[in-house]
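K.L.:
Okay, here's the structure, questions in a sec.
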Amino acid sequence: MKKFKIRASKAGAIMTNPRKGHTGLSKTSQSFVFQWIKEQIYNRPYEFYSKYTDRGNASEEAGIKLIAKFLNLGYIIKNEEYFENEYFTGTPDIILSDTVIDVKCSWDCFTFPLFETTTPNPDHADQLQVYMELTGKEKAILAYTLNDMPGHLLEREARYKANDLGLVELEPEQEQEVIARHTYSNLPYNLRVKTFPIKKDPERIEQIKNRVIECREFITDLMDSAPVVKSIKP
């Protein structure tokens with residue numbers, strides 16, 4: 001079994017603290033570690049699907065282009081370089097000379113953090129801390145974007161709507177309502193992009209490293225004590 005390392009995007013999954021009066025990994029952290037161990041035992045990646053993650057993945061390229069325009073970065077393509085060190089792994093969305101940027105594509109205007117003044121999700125901030133450690137950058141930007149929903153997802157939303165209404169398919173007017181609900185390119189950039197600068201925090205990075213070590217110790221103890229996995233210990 002390979003050594004446990006945490007993907008940047010999953011750092012928050014192991015950073016929850018146990019309930020007051022308890023020690024060791026929290027139940028949430030343990031659940032993530034159990035999932036990771038199963039990936040190793042069965043040699044299959046855990047796959048999570050939802051319409052929200054599908055939306056984010058499908059809109060990623062559009063989100064990167066929108067950020068590039070908003071920040072006057074010129075022509076930018078998604079970074080494909082994979083980074084890894086003793087504790088972390090990850091592939092940041094955008095890497096500049098001194099800054100790393102991660103792009104989050106919101107489902108719609110109601111999940112877009114228009115009025116927030118601090119990072120809406122601390123897990124995303126931890127993700128950027130890991131990216132900065134992996135790339136050696138001292139600055140990071142967490143960017144939320146609001147993009148038009150891709151066509152194939154609009155078709156799916158129209159089917160869902162038709163099913164909800166007990167119809168085989170939507171009337172043209174109803175279909176246009178679905179399209180209009182998920183179209184934002186007619187709005188100014190300041191209503192479609194929200195950025196949060198993330199300052200590098202060596203103390204937080206050290207905390208995440210220490211939690212990785214705790215997870216490794218938990219895995220070792222489990223492998224030594226659980227009969228179901230003891231048999232496959234290398």
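The way I read the labels, and the way they are meant: chains A, B, ... in the order of the structure tokens, residue 1 as the first residue of every chain, and ligand 1 as the first ligand shown, with later ones counted on from there.
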So which residues touch segment 25-39 of chain A within 12 Å, counting only C-alpha atoms, skipping near sequence neighbours fewer than 5 positions away, as a PDB file with N, CA and C atoms, in the first residue's frame?

P.N.:
ATOM      1  N   MET A   1       0.848  -1.194   0.000  1.00  0.00           N
ATOM      2  CA  MET A   1       0.000   0.000   0.000  1.00  0.00           C
ATOM      3  C   MET A   1       0.885   1.247   0.000  1.00  0.00           C
ATOM      4  N   LYS A   2       0.574   2.176  -0.890  1.00  0.00           N
ATOM      5  CA  LYS A   2       1.401   3.367  -0.993  1.00  0.00           C
ATOM      6  C   LYS A   2       1.206   4.282   0.206  1.00  0.00           C
ATOM      7  N   LYS A   3       2.149   5.200   0.383  1.00  0.00           N
ATOM      8  CA  LYS A   3       2.093   6.135   1.505  1.00  0.00           C
ATOM      9  C   LYS A   3       0.953   7.129   1.291  1.00  0.00           C
ATOM     10  N   PHE A   4       0.221   7.394   2.357  1.00  0.00           N
ATOM     11  CA  PHE A   4      -0.892   8.328   2.285  1.00  0.00           C
ATOM     12  C   PHE A   4      -0.390   9.748   2.071  1.00  0.00           C
ATOM     13  N   LYS A   5      -0.951  10.402   1.052  1.00  0.00           N
ATOM     14  CA  LYS A   5      -0.752  11.823   0.812  1.00  0.00           C
ATOM     15  C   LYS A   5      -2.112  12.412   0.506  1.00  0.00           C
ATOM     16  N   ILE A   6      -2.293  13.678   0.816  1.00  0.00           N
ATOM     17  CA  ILE A   6      -3.599  14.287   0.605  1.00  0.00           C
ATOM     18  C   ILE A   6      -3.602  15.142  -0.652  1.00  0.00           C
ATOM     19  N   ARG A   7      -4.630  14.952  -1.480  1.00  0.00           N
ATOM     20  CA  ARG A   7      -4.810  15.827  -2.636  1.00  0.00           C
ATOM     21  C   ARG A   7      -5.222  17.210  -2.145  1.00  0.00           C
ATOM     22  N   LYS A  10      -8.771  17.883  -1.420  1.00  0.00           N
ATOM     23  CA  LYS A  10      -9.385  17.121  -0.334  1.00  0.00           C
ATOM     24  C   LYS A  10      -8.772  17.452   1.024  1.00  0.00           C
ATOM     25  N   ALA A  11      -7.913  18.440   1.091  1.00  0.00           N
ATOM     26  CA  ALA A  11      -7.254  18.768   2.362  1.00  0.00           C
ATOM     27  C   ALA A  11      -8.277  19.051   3.464  1.00  0.00           C
ATOM     28  N   GLY A  12      -9.340  19.744   3.119  1.00  0.00           N
ATOM     29  CA  GLY A  12     -10.351  20.068   4.115  1.00  0.00           C
ATOM     30  C   GLY A  12     -11.023  18.847   4.709  1.00  0.00           C
ATOM     31  N   ALA A  13     -11.026  17.730   3.963  1.00  0.00           N
ATOM     32  CA  ALA A  13     -11.697  16.519   4.429  1.00  0.00           C
ATOM     33  C   ALA A  13     -11.013  15.899   5.635  1.00  0.00           C
ATOM     34  N   ILE A  14      -9.731  16.195   5.830  1.00  0.00           N
ATOM     35  CA  ILE A  14      -9.027  15.628   6.981  1.00  0.00           C
ATOM     36  C   ILE A  14      -8.761  16.670   8.063  1.00  0.00           C
ATOM     37  N   MET A  15      -9.219  17.892   7.866  1.00  0.00           N
ATOM     38  CA  MET A  15      -8.885  18.967   8.796  1.00  0.00           C
ATOM     39  C   MET A  15      -9.988  19.273   9.813  1.00  0.00           C
ATOM     40  N   THR A  16     -11.073  18.521   9.771  1.00  0.00           N
ATOM     41  CA  THR A  16     -12.074  18.705  10.821  1.00  0.00           C
ATOM     42  C   THR A  16     -11.538  18.144  12.136  1.00  0.00           C
ATOM     43  N   ASN A  17     -11.832  18.814  13.219  1.00  0.00           N
ATOM     44  CA  ASN A  17     -11.345  18.388  14.533  1.00  0.00           C
ATOM     45  C   ASN A  17     -12.357  17.480  15.215  1.00  0.00           C
ATOM     46  N   PRO A  18     -11.891  16.582  16.074  1.00  0.00           N
ATOM     47  CA  PRO A  18     -12.822  15.699  16.792  1.00  0.00           C
ATOM     48  C   PRO A  18     -13.704  16.490  17.742  1.00  0.00           C
ATOM     49  N   ARG A  19     -14.790  15.893  18.127  1.00  0.00           N
ATOM     50  CA  ARG A  19     -15.700  16.552  19.071  1.00  0.00           C
ATOM     51  C   ARG A  19     -14.992  16.815  20.395  1.00  0.00           C
ATOM     52  N   LYS A  20     -15.484  17.799  21.088  1.00  0.00           N
ATOM     53  CA  LYS A  20     -14.890  18.175  22.371  1.00  0.00           C
ATOM     54  C   LYS A  20     -14.830  16.970  23.301  1.00  0.00           C
ATOM     55  N   ARG A  44      -9.357   0.844  -7.187  1.00  0.00           N
ATOM     56  CA  ARG A  44     -10.369   1.599  -7.922  1.00  0.00           C
ATOM     57  C   ARG A  44     -10.519   2.973  -7.282  1.00  0.00           C
ATOM     58  N   PRO A  45     -10.552   4.021  -8.087  1.00  0.00           N
ATOM     59  CA  PRO A  45     -10.739   5.358  -7.513  1.00  0.00           C
ATOM     60  C   PRO A  45     -12.183   5.561  -7.077  1.00  0.00           C
ATOM     61  N   TYR A  46     -12.342   6.303  -5.988  1.00  0.00           N
ATOM     62  CA  TYR A  46     -13.680   6.672  -5.557  1.00  0.00           C
ATOM     63  C   TYR A  46     -14.191   7.756  -6.497  1.00  0.00           C
ATOM     64  N   GLU A  47     -15.408   7.577  -6.981  1.00  0.00           N
ATOM     65  CA  GLU A  47     -15.982   8.542  -7.914  1.00  0.00           C
ATOM     66  C   GLU A  47     -17.280   9.091  -7.339  1.00  0.00           C
ATOM     67  N   PHE A  48     -17.358  10.411  -7.290  1.00  0.00           N
ATOM     68  CA  PHE A  48     -18.548  11.080  -6.776  1.00  0.00           C
ATOM     69  C   PHE A  48     -19.178  11.898  -7.892  1.00  0.00           C
ATOM     70  N   ASN A 210       0.831  17.886   9.599  1.00  0.00           N
ATOM     71  CA  ASN A 210       0.698  17.089  10.818  1.00  0.00           C
ATOM     72  C   ASN A 210      -0.533  16.193  10.767  1.00  0.00           C
ATOM     73  N   ARG A 211      -1.595  16.685  10.142  1.00  0.00           N
ATOM     74  CA  ARG A 211      -2.803  15.865  10.037  1.00  0.00           C
ATOM     75  C   ARG A 211      -2.570  14.696   9.073  1.00  0.00           C
ATOM     76  N   VAL A 212      -1.785  14.931   8.027  1.00  0.00           N
ATOM     77  CA  VAL A 212      -1.415  13.830   7.129  1.00  0.00           C
ATOM     78  C   VAL A 212      -0.667  12.752   7.910  1.00  0.00           C
ATOM     79  N   ILE A 213       0.245  13.172   8.770  1.00  0.00           N
ATOM     80  CA  ILE A 213       0.990  12.220   9.603  1.00  0.00           C
ATOM     81  C   ILE A 213       0.045  11.450  10.520  1.00  0.00           C
ATOM     82  N   GLU A 214      -0.938  12.151  11.105  1.00  0.00           N
ATOM     83  CA  GLU A 214      -1.929  11.488  11.950  1.00  0.00           C
ATOM     84  C   GLU A 214      -2.706  10.437  11.154  1.00  0.00           C
ATOM     85  N   CYS A 215      -3.060  10.788   9.916  1.00  0.00           N
ATOM     86  CA  CYS A 215      -3.785   9.838   9.064  1.00  0.00           C
ATOM     87  C   CYS A 215      -2.929   8.609   8.781  1.00  0.00           C
ATOM     88  N   ARG A 216      -1.641   8.815   8.545  1.00  0.00           N
ATOM     89  CA  ARG A 216      -0.752   7.683   8.306  1.00  0.00           C
ATOM     90  C   ARG A 216      -0.673   6.775   9.522  1.00  0.00           C
ATOM     91  N   GLU A 217      -0.607   7.369  10.693  1.00  0.00           N
ATOM     92  CA  GLU A 217      -0.551   6.580  11.927  1.00  0.00           C
ATOM     93  C   GLU A 217      -1.850   5.805  12.121  1.00  0.00           C
ATOM     94  N   PHE A 218      -2.976   6.457  11.799  1.00  0.00           N
ATOM     95  CA  PHE A 218      -4.273   5.789  11.890  1.00  0.00           C
ATOM     96  C   PHE A 218      -4.322   4.589  10.946  1.00  0.00           C
ATOM     97  N   ILE A 219      -3.811   4.771   9.733  1.00  0.00           N
ATOM     98  CA  ILE A 219      -3.799   3.691   8.750  1.00  0.00           C
ATOM     99  C   ILE A 219      -2.924   2.536   9.227  1.00  0.00           C
ATOM    100  N   THR A 220      -1.759   2.855   9.763  1.00  0.00           N
ATOM    101  CA  THR A 220      -0.864   1.809  10.262  1.00  0.00           C
ATOM    102  C   THR A 220      -1.516   1.018  11.377  1.00  0.00           C
ATOM    103  N   LEU A 222      -4.689   0.655  11.942  1.00  0.00           N
ATOM    104  CA  LEU A 222      -5.796  -0.114  11.389  1.00  0.00           C
ATOM    105  C   LEU A 222      -5.291  -1.363  10.683  1.00  0.00           C
ATOM    106  N   MET A 223      -4.238  -1.203   9.911  1.00  0.00           N
ATOM    107  CA  MET A 223      -3.679  -2.335   9.180  1.00  0.00           C
ATOM    108  C   MET A 223      -3.149  -3.400  10.126  1.00  0.00           C
ATOM    109  N   VAL A 228      -9.655  -7.849   8.429  1.00  0.00           N
ATOM    110  CA  VAL A 228     -10.072  -7.800   7.025  1.00  0.00           C
ATOM    111  C   VAL A 228      -9.026  -7.162   6.133  1.00  0.00           C
ATOM    112  N   VAL A 229      -8.195  -6.272   6.697  1.00  0.00           N
ATOM    113  CA  VAL A 229      -7.147  -5.650   5.884  1.00  0.00           C
ATOM    114  C   VAL A 229      -5.761  -6.152   6.230  1.00  0.00           C
ATOM    115  N   ILE A 232      -3.874  -8.193   3.620  1.00  0.00           N
ATOM    116  CA  ILE A 232      -3.337  -7.604   2.395  1.00  0.00           C
ATOM    117  C   ILE A 232      -2.199  -6.615   2.678  1.00  0.00           C
ATOM    118  N   LYS A 233      -1.804  -6.558   3.949  1.00  0.00           N
ATOM    119  CA  LYS A 233      -0.698  -5.658   4.294  1.00  0.00           C
ATOM    120  C   LYS A 233       0.568  -6.133   3.610  1.00  0.00           C
TER     121      LYS A 233
END

K.L.:
Need the shell around Ser106 of chain A: protein/DNA/RNA residues with any atom at most 7 Å away, counting only C-alpha atoms. Skip same-chain ones fewer than 2 positions apart. Format as a PyMOL selection string?

P.N.:
chain A and resi 56+104+108+111-112+144-146

K.L.:
Would you save the residues from that selection as a tab-separated table (two decimals), in the first residue's frame, using N, CA and C atoms?

P.N.:
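As a result, result_7.tsv now contains:
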chain	number	residue	atom	x	y	z
A	56	GLY	N	-19.54	22.20	-12.47
A	56	GLY	CA	-18.23	22.79	-12.24
A	56	GLY	C	-17.19	22.28	-13.22
A	104	LYS	N	-13.44	28.23	-9.13
A	104	LYS	CA	-14.65	27.51	-8.74
A	104	LYS	C	-15.81	28.04	-9.56
A	108	ASP	N	-25.34	28.49	-9.86
A	108	ASP	CA	-26.16	29.58	-10.37
A	108	ASP	C	-25.92	30.81	-9.51
A	111	THR	N	-25.88	30.45	-5.62
A	111	THR	CA	-24.72	29.84	-4.95
A	111	THR	C	-23.45	30.66	-5.17
A	112	PHE	N	-23.53	31.68	-5.99
A	112	PHE	CA	-22.39	32.56	-6.25
A	112	PHE	C	-22.21	33.52	-5.07
A	144	TYR	N	-14.27	32.65	-7.81
A	144	TYR	CA	-15.58	32.05	-8.12
A	144	TYR	C	-16.12	32.72	-9.38
A	145	THR	N	-16.65	31.89	-10.28
A	145	THR	CA	-17.18	32.44	-11.53
A	145	THR	C	-18.62	31.99	-11.75
A	146	LEU	N	-19.30	32.77	-12.54
A	146	LEU	CA	-20.70	32.49	-12.88
A	146	LEU	C	-20.78	32.46	-14.40

K.L.:
Using DSSP on the backbone coordinates, identify all residues within segment 7-188 of chain A classified as strand (DSSP E); present the result as a list in words.

P.N.:
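Matching residues for strand (DSSP E) in segment 7-188 of chain A are Arg7, Phe83, Glu84, Phe88, Thr89, Gly90, Ile94, Ile95, Thr99, Val100, Ile101, Asp102, Val103, Lys104, Cys105, Lys139, Ala140, Ile141, Leu142, Ala143, Tyr144 and Thr145 of chain A.
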
K.L.:
Per residue of segment 27-119 of chain A within 12 Å of segment 169-183 of chain A, which atom pair is closest and at what distance in Å (one decimal), using only C-alpha atoms, listed by chain and increasing number, as a Markdown table?

P.N.:
| residue | atom | partner | partner_atom | distance |
| --- | --- | --- | --- | --- |
| A:Arg55 | CA | A:His182 | CA | 10.9 |
| A:Ser59 | CA | A:His182 | CA | 11.9 |
| A:Ser106 | CA | A:His182 | CA | 10.6 |
| A:Trp107 | CA | A:His182 | CA | 8.5 |
| A:Asp108 | CA | A:His182 | CA | 6.6 |
| A:Cys109 | CA | A:His182 | CA | 8.5 |
| A:Phe110 | CA | A:Arg181 | CA | 10.9 |

K.L.:
Output N, CA and C atoms for every residue in the selection just made, as a PDB file, in the first residue's frame.

P.N.:
ATOM      1  N   ARG A  55     -21.482  20.344 -13.305  1.00  0.00           N
ATOM      2  CA  ARG A  55     -21.544  21.739 -13.759  1.00  0.00           C
ATOM      3  C   ARG A  55     -20.184  22.407 -13.624  1.00  0.00           C
ATOM      4  N   SER A  59     -17.808  23.572 -16.789  1.00  0.00           N
ATOM      5  CA  SER A  59     -17.653  25.020 -16.944  1.00  0.00           C
ATOM      6  C   SER A  59     -16.225  25.492 -16.654  1.00  0.00           C
ATOM      7  N   SER A 106     -19.674  28.384 -10.036  1.00  0.00           N
ATOM      8  CA  SER A 106     -20.910  28.300  -9.254  1.00  0.00           C
ATOM      9  C   SER A 106     -22.041  27.680 -10.069  1.00  0.00           C
ATOM     10  N   TRP A 107     -22.943  27.019  -9.365  1.00  0.00           N
ATOM     11  CA  TRP A 107     -24.093  26.397 -10.030  1.00  0.00           C
ATOM     12  C   TRP A 107     -24.992  27.458 -10.640  1.00  0.00           C
ATOM     13  N   ASP A 108     -25.335  28.487  -9.861  1.00  0.00           N
ATOM     14  CA  ASP A 108     -26.162  29.581 -10.369  1.00  0.00           C
ATOM     15  C   ASP A 108     -25.920  30.812  -9.511  1.00  0.00           C
ATOM     16  N   CYS A 109     -26.679  31.862  -9.741  1.00  0.00           N
ATOM     17  CA  CYS A 109     -26.451  33.114  -9.027  1.00  0.00           C
ATOM     18  C   CYS A 109     -26.728  32.991  -7.535  1.00  0.00           C
ATOM     19  N   PHE A 110     -27.509  31.999  -7.145  1.00  0.00           N
ATOM     20  CA  PHE A 110     -27.858  31.856  -5.732  1.00  0.00           C
ATOM     21  C   PHE A 110     -26.782  31.122  -4.936  1.00  0.00           C
TER      22      PHE A 110
END

K.L.:
Using DSSP assignments from the backbone, pull out every residue in chain A that falls under alpha helix (DSSP H) and give it to me as a PyMOL selection string.

P.N.:
chain A and resi 27-42+51-58+60-70+122-135+151-165+172-181+202-225+227-230

K.L.:
Which polymer residues have any atom within 12 Å of an atom of segment 69-75 of chain A, counting only C-alpha atoms, with same-chain residues fewer than 3 positions away left out, as a list in words?

P.N.:
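Final neighbour list, sorted by chain and number: Ala62, Gly63, Ile64, Lys65, Leu66, Lys78, Ile94, Ile95, Leu96, Ser97, Thr99, Ile101, Ile141, Ala143, Tyr144, Thr145, Pro188, Tyr189, Asn190, Leu191, Arg192, Val193, Lys194 and Thr195 of chain A.
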
K.L.:
Which one is closest to Ile198 of chain A: A:Met149, A:Ile41, A:Leu154, A:Val130? Count only C-alpha atoms.

P.N.:
A:Val130

K.L.:
Counting only C-alpha atoms, figure out which residue out of A:Asp102, A:Glu61, A:Gly21, A:Tyr87 gets nearest to Ile208 of chain A.

P.N.:
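Closest to Ile208 of chain A, using only C-alpha atoms: A:Tyr87.
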
K.L.:
Taking only C-alpha atoms into account, which of A:Lys199, A:Lys209, A:Arg159, A:His152 comes nearest Asp54 of chain A?

P.N.:
A:His152

K.L.:
Would you pick out the contacts of Thr119 of chain A at 9 Å or less, using only C-alpha atoms, so that residues sharing its chain but fewer than 6 positions from it are not included, and give the list as a list in words?

P.N.:
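Once the adjacent positions are removed, what remains is Pro113, Ala125, Leu142, Thr195, Phe196, Pro197 and Ile198 of chain A.
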
K.L.:
Pull C-alpha atoms from the residues just selected and write them as a PDB file, in the first residue's frame.

P.N.:
ATOM      1  CA  PRO A 113     -20.761  34.429  -3.293  1.00  0.00           C
ATOM      2  CA  ALA A 125      -8.628  28.132   1.444  1.00  0.00           C
ATOM      3  CA  LEU A 142      -9.544  31.823  -4.969  1.00  0.00           C
ATOM      4  CA  THR A 195     -11.982  36.781  -6.072  1.00  0.00           C
ATOM      5  CA  PHE A 196     -10.480  36.236  -2.638  1.00  0.00           C
ATOM      6  CA  PRO A 197      -6.734  36.727  -2.121  1.00  0.00           C
ATOM      7  CA  ILE A 198      -5.249  33.965   0.038  1.00  0.00           C
TER       8      ILE A 198
END
